[in-house]
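Presented below is the structure to which this report refers.
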Amino acid sequence: MILQILINGILLGGFYALIGVGFSLVWGVTNIINLAHGAIALLGSYITYYMFQNLHLDPFLSLPFSFISLFIFGYLIQRYIMNYVVKAQIFMLLILTFGIEIFLVNFMTTFFSANFRSVTPTYAGSSMEFAGVVIPYIRLGVFVICFVVTIIMGLFLEKTWLGKAIRATSLDLEAAMMTGISPRKIYSITFALGSGLAGLAGSLLSLTQAFSPNIAGGLTLRAFIVAILGGLGRVEGAFIGGIMLGIIETLSSFYIGEGYKNAIAFGLMVFMLIVKPSGLLGRKYYAEVKH
Amino acid sequence: MINKKFLLFLLFVIVLVLLPFVVSGYWLRVLTQTFLFAAIATGSNIIIGFTGYPAFGNIAFFGIGAYVTGVLTTKYSTPFFATLPFCALSGVVIASILGIPILRLKGHYFAIATVGVMEAIKELIDNMTELTGGGLGLTLPIMQGEPEYIYKFFYFVMLGSMLFSLLILFIVSRIKQGYALRAIRVDEDAASVMGINTPVYKTFAWAISAGLVGITGGIYAYWISYIDPNTVFGGTYPVKMFAMILLGGGTTVIGPMLGAFILELISEIVWSKFIAIHGMVLGLLIIFIILFLPKGLFETFKGGFSLKKLLSNLRENRL
Amino acid sequence: MVILEAKNIAKSYGGLKVLTDVNFEVKKGEIVGIIGPNGAGKTTFMNLVSRLTPITGGVIVYKGEIINDKKPHEIAKMGIARTFQVVKPFGGLSVLENVMVGAYYGKNNVSSKAEATKIAEEALNIVGLIDVKDKDPRILPLAKRKKLEVARALAMGPELLLLDEVMAGLSVKELDDMMREIIKLKEKGITIIAIEHVMKAIMGISDRIVVLHLGKKIAEGKPEEIVRNPEVIEAYLGSKYAKKE
């Protein structure tokens, strides 16, 4: 039994890692805490849903569309809205993203309705058994994709010029500027990446649970916790943080009850903020030292 | 100290007092709701605008106050007015206790922690089903009397709550502790080396604002007669409260109230004409305020209205 | 009488050692200048005395009492006041009200508005800002803002005043002005420790100078001795200019 719970937690955790990594990257590099992250993810969910409903496109094939659309969307938001507030006081940005969240959530409610949706392809129910543990194929697929994406992100940040530029900006904005990196471009690309990843996570979400515009807040919260647990801007950290959160949530769901999920998540978040804001794995990043 | 501004304010209050006798029930309701927001914004301004700690989740105390009144009137048959001191007390006590760990955080970390607190308390109340009715909500005893009388009753009680919050904020702005709070907002280190015990003062500020917001929550519960965790904890309240403070100016006493009036009026017009997109308009409005009016309406247009002033904010904060 | 002692003071941030084994005394009524190249640890030292950051090693003794565990507001009530390099007046309060904060919360610790106003006006008179007392401090030019900082600290009624680069950015005339103000304070019996980069000013008013370099004290003595001290010269200008005899 406990093994099943743990496996469930790990599978869930992979998803949390994905939703957390984009959020964490944006926070770590640009110091923007994007409260609209969950809403952006849900846009991805709806893209997959409608493509499945109307075009009968296999959800896994909609992933690139989701990523690209939300990448562009994120880029536009950052470049033309958030860029104008970046230098103001930090919580102004927070409110701004909250305003965007309210807009998006209401937009989705107005045009897509508040009904719960889910994406159920023909292979939805099947699962495999391994050592007495049931592992649904979809969940396994989601986990694998999350894992692969995390690795790709890690490699991107580590090996490519753009990735290194992003990391440089997060470590020391002024030094990065002196080497010719344009912070404005980096901020926009980072945010675009974060949004794209959120969209990806949202698409995968649509396969694993029912969704509606109202769960946006809960998603953002989970992303937030993963970012804190893993340390801002750290991809490996986000993955480990995600798994941890997944396990903690499944365990507490089982032993304490479903209803307290959010309270426990929040409690954990506040606890981490007070005790170790740089995260379990994190070091001091520009974003943290500057404020 | 009688001066022009004070007389203007007095006039304003007199108008508000006389209004219920000339105006219809619909507008009374709109105004009562406006007073509600004004009271919340003004009370919260003690910690947000004055002390500089953006307690985004201050609505937690609104919800707590609402449930205090809710539970006391339903389970313990307490008369309405008697519940209000308990609403205030619950806010003061809880903020004081939570303040110890949470006020150590700064800026947006503090803001998010307060949101966390709000959501956690919401869930706790949601789960205390025997006491609070949980997700199904709580229905309070309906007040006896003619509808006309009831409208007026809540109009005046809510107006009273707003005036009370204004009074407290006004007093805080005049006494030495108010000076200390504003010092903390500008530079906490400088404030502490000048001899201000910053942790104590911050807690003091948060506790008072929590008490004021709690009272408003209690009144709301009795007014609407039905509360559930989703409506009194969160929703659009936190952002509206913040936008009102921002719009009107957080460093003044009447700023939040003015912000509340303006925003509520706009909200009401939009809601009545465009119900479906009301939420979207609110989101856009907030984006607009942050982009173009971060210093508040009155501060930005101090020297006169001009489009240039709106755009200057954009350039100032641009990366 | 010794008013402040720094004994074996050390400060590290994680692995980074900012101050190592700093020792010196300040006598009541003196003006002691702390100088040293950038990064020497001067402001850090001031942060230690005003208790804004924990002391990693050693003790600071004020009027015979070890103050390592005191909080900043407690230090203020004991009679220590400080100014900051970057002057941030409390916006939303007038110049007078800014200074009243010092009267309310410093060693003076008064409760009535009348008393606070009296003390604040006195402090403003001393620094020469009384005519702008009702203005918004944010519109004041730099020199006046620095004076406001001093007035704020004065209103606290301190026995020991820590000045952090109060001369920076001032014109020649403003410098002379500020130097005179500081000497006035000494005449009132206030002990002063001043961090400075403006050599002419600090050499002109200090009774003694302490020189910090890379976290260590490298010299101490009268201004005339310090200017000729080869190690000090080396620290500032490099060994090429230090003539070791």
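Chain identifiers are assigned as A, B, and so on, following the order in which chains appear in the structure tokens; residues are numbered from 1 within each chain, and ligands are numbered from 1 in order of appearance.
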
TODO: Identify all chain A residues at most 6 Å from chain B by counting only C-alpha atoms; ligands do not count. Present them as a ChimeraX atom specification.
DONE: /A:83-85,87-88,91,96,99-100,102-103,106,263,266,270

Mind dumping the selected residues with N, CA and C atoms as a PDB file, in the first residue's frame?
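File part_15.pdb, as written:
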ATOM      1  N   ASN A  83       7.476  44.475 -18.712  1.00  0.00           N
ATOM      2  CA  ASN A  83       8.714  45.208 -18.852  1.00  0.00           C
ATOM      3  C   ASN A  83       8.612  46.613 -18.305  1.00  0.00           C
ATOM      4  N   TYR A  84       7.388  47.167 -18.356  1.00  0.00           N
ATOM      5  CA  TYR A  84       7.209  48.541 -17.933  1.00  0.00           C
ATOM      6  C   TYR A  84       7.104  48.698 -16.434  1.00  0.00           C
ATOM      7  N   VAL A  85       7.089  47.593 -15.737  1.00  0.00           N
ATOM      8  CA  VAL A  85       6.934  47.706 -14.287  1.00  0.00           C
ATOM      9  C   VAL A  85       8.112  47.078 -13.554  1.00  0.00           C
ATOM     10  N   LYS A  87      11.107  47.760 -12.953  1.00  0.00           N
ATOM     11  CA  LYS A  87      11.970  48.471 -12.024  1.00  0.00           C
ATOM     12  C   LYS A  87      11.218  49.077 -10.848  1.00  0.00           C
ATOM     13  N   ALA A  88       9.922  48.926 -10.839  1.00  0.00           N
ATOM     14  CA  ALA A  88       9.167  49.503  -9.724  1.00  0.00           C
ATOM     15  C   ALA A  88       9.294  48.595  -8.506  1.00  0.00           C
ATOM     16  N   PHE A  91       6.388  44.494  -5.035  1.00  0.00           N
ATOM     17  CA  PHE A  91       5.030  43.963  -4.958  1.00  0.00           C
ATOM     18  C   PHE A  91       4.088  44.577  -5.975  1.00  0.00           C
ATOM     19  N   LEU A  96       0.522  43.198 -10.468  1.00  0.00           N
ATOM     20  CA  LEU A  96       0.332  43.178 -11.913  1.00  0.00           C
ATOM     21  C   LEU A  96       0.045  41.767 -12.384  1.00  0.00           C
ATOM     22  N   GLY A  99      -3.299  40.812 -11.470  1.00  0.00           N
ATOM     23  CA  GLY A  99      -4.285  41.394 -12.371  1.00  0.00           C
ATOM     24  C   GLY A  99      -4.400  40.578 -13.647  1.00  0.00           C
ATOM     25  N   ILE A 100      -3.255  40.159 -14.158  1.00  0.00           N
ATOM     26  CA  ILE A 100      -3.261  39.323 -15.359  1.00  0.00           C
ATOM     27  C   ILE A 100      -3.965  38.009 -15.066  1.00  0.00           C
ATOM     28  N   ILE A 102      -6.329  37.437 -12.849  1.00  0.00           N
ATOM     29  CA  ILE A 102      -7.774  37.650 -12.776  1.00  0.00           C
ATOM     30  C   ILE A 102      -8.354  37.758 -14.182  1.00  0.00           C
ATOM     31  N   PHE A 103      -7.645  38.506 -15.013  1.00  0.00           N
ATOM     32  CA  PHE A 103      -8.133  38.659 -16.378  1.00  0.00           C
ATOM     33  C   PHE A 103      -8.226  37.304 -17.069  1.00  0.00           C
ATOM     34  N   ASN A 106     -10.976  34.924 -15.641  1.00  0.00           N
ATOM     35  CA  ASN A 106     -12.315  35.348 -16.049  1.00  0.00           C
ATOM     36  C   ASN A 106     -12.527  35.174 -17.534  1.00  0.00           C
ATOM     37  N   ALA A 263      -4.248  23.584   2.646  1.00  0.00           N
ATOM     38  CA  ALA A 263      -3.753  24.132   3.906  1.00  0.00           C
ATOM     39  C   ALA A 263      -2.348  23.624   4.193  1.00  0.00           C
ATOM     40  N   PHE A 266       0.109  25.270   1.844  1.00  0.00           N
ATOM     41  CA  PHE A 266       0.410  26.618   2.291  1.00  0.00           C
ATOM     42  C   PHE A 266       1.281  26.629   3.517  1.00  0.00           C
ATOM     43  N   VAL A 270       4.811  28.634   3.762  1.00  0.00           N
ATOM     44  CA  VAL A 270       5.150  29.664   4.736  1.00  0.00           C
ATOM     45  C   VAL A 270       6.343  29.220   5.568  1.00  0.00           C
TER      46      VAL A 270
END

Open item on the list: To test your reading of the structure, identify every residue in segment 232-301 of chain B that backbone DSSP assigns to alpha helix (DSSP H), and report it as an MDAnalysis selection string.
Closed with: chainID B and resid 232 237:248 255:273 278:292 297:300

TODO: Name the residues in contact with segment 137-148 of chain B at a cut-off of 9 Å, using only C-alpha atoms, excluding same-chain residues fewer than 6 positions from it; report them as a count of residues only.
DONE: 19

Open item on the list: With 6 Å as the limit and counting only C-alpha atoms, what residues in chain B lie close to chain C? Please list them as a VMD selection string.
Closed with: chain B and resid 183 186 192 to 197

Pull C-alpha atoms from the residues just selected and write them as a PDB file, in the first residue's frame.
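See out14.pdb below for the written result:
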ATOM      1  CA  ALA B 183       9.648  55.534   9.325  1.00  0.00           C
ATOM      2  CA  VAL B 186      10.861  54.100   4.309  1.00  0.00           C
ATOM      3  CA  SER B 192      15.408  50.709  14.353  1.00  0.00           C
ATOM      4  CA  VAL B 193      18.634  52.595  15.018  1.00  0.00           C
ATOM      5  CA  MET B 194      16.532  55.588  15.947  1.00  0.00           C
ATOM      6  CA  GLY B 195      15.104  53.568  18.753  1.00  0.00           C
ATOM      7  CA  ILE B 196      11.953  52.102  17.227  1.00  0.00           C
ATOM      8  CA  ASN B 197      11.304  48.535  18.258  1.00  0.00           C
TER       9      ASN B 197
END

Open item on the list: as a PyMOL selection string, please: the residues near Gly233 of chain A (cut-off 7 Å, only C-alpha atoms, same-chain neighbours under 2 positions excluded).
Closed with: chain A and resi 24-25+27-29+231+235

Please provide the set of residues having any atom within 6 Å of segment 80-91 of chain B, restricted to only C-alpha atoms, with same-chain residues fewer than 5 positions apart removed, written as a PDB file with C-alpha atoms, in the first residue's frame.
ATOM      1  CA  PHE B  61      -9.358  38.591   8.917  1.00  0.00           C
ATOM      2  CA  GLY B  65     -14.692  38.128  11.429  1.00  0.00           C
ATOM      3  CA  VAL B  68     -17.058  34.739  14.252  1.00  0.00           C
ATOM      4  CA  THR B  69     -20.311  36.600  13.830  1.00  0.00           C
ATOM      5  CA  ALA B 210      -6.767  42.942  11.410  1.00  0.00           C
ATOM      6  CA  GLY B 211      -9.189  44.035  14.104  1.00  0.00           C
ATOM      7  CA  GLY B 214     -12.560  41.725  11.294  1.00  0.00           C
ATOM      8  CA  ILE B 215     -15.357  44.024  12.380  1.00  0.00           C
TER       9      ILE B 215
END

Near segment 218-226 of chain C, within 6 Å and counting only C-alpha atoms, which residues show up once chain neighbours fewer than 3 positions away are dropped, as an mmCIF file with C-alpha atoms, in the first residue's frame?
data_model
loop_
_atom_site.group_PDB
_atom_site.id
_atom_site.type_symbol
_atom_site.label_atom_id
_atom_site.label_comp_id
_atom_site.auth_asym_id
_atom_site.auth_seq_id
_atom_site.Cartn_x
_atom_site.Cartn_y
_atom_site.Cartn_z
ATOM 1 C CA MET C 203 41.928 65.247 9.233
ATOM 2 C CA ARG C 208 42.551 60.746 16.462
ATOM 3 C CA ILE C 209 42.377 58.614 13.364
ATOM 4 C CA VAL C 210 41.979 54.850 13.041
ATOM 5 C CA VAL C 211 42.925 53.337 9.715
ATOM 6 C CA LEU C 212 41.309 50.125 8.487
ATOM 7 C CA ASN C 229 52.542 56.596 8.101
#

Open item on the list: Show me, as a PyMOL selection string, the residues that have an atom within 10 Å of Glu187 of chain C when counting only C-alpha atoms, minus same-chain residues fewer than 6 positions from it.
Closed with: chain C and resi 29-30+181

Open item on the list: Rounded to one decimal, what separation in Å do you get between atom CA of Gly230 of chain A and atom CA of Gly13 of chain A?
Closed with: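 Separation between atom CA of Gly230 of chain A and atom CA of Gly13 of chain A: 12.5 Å.
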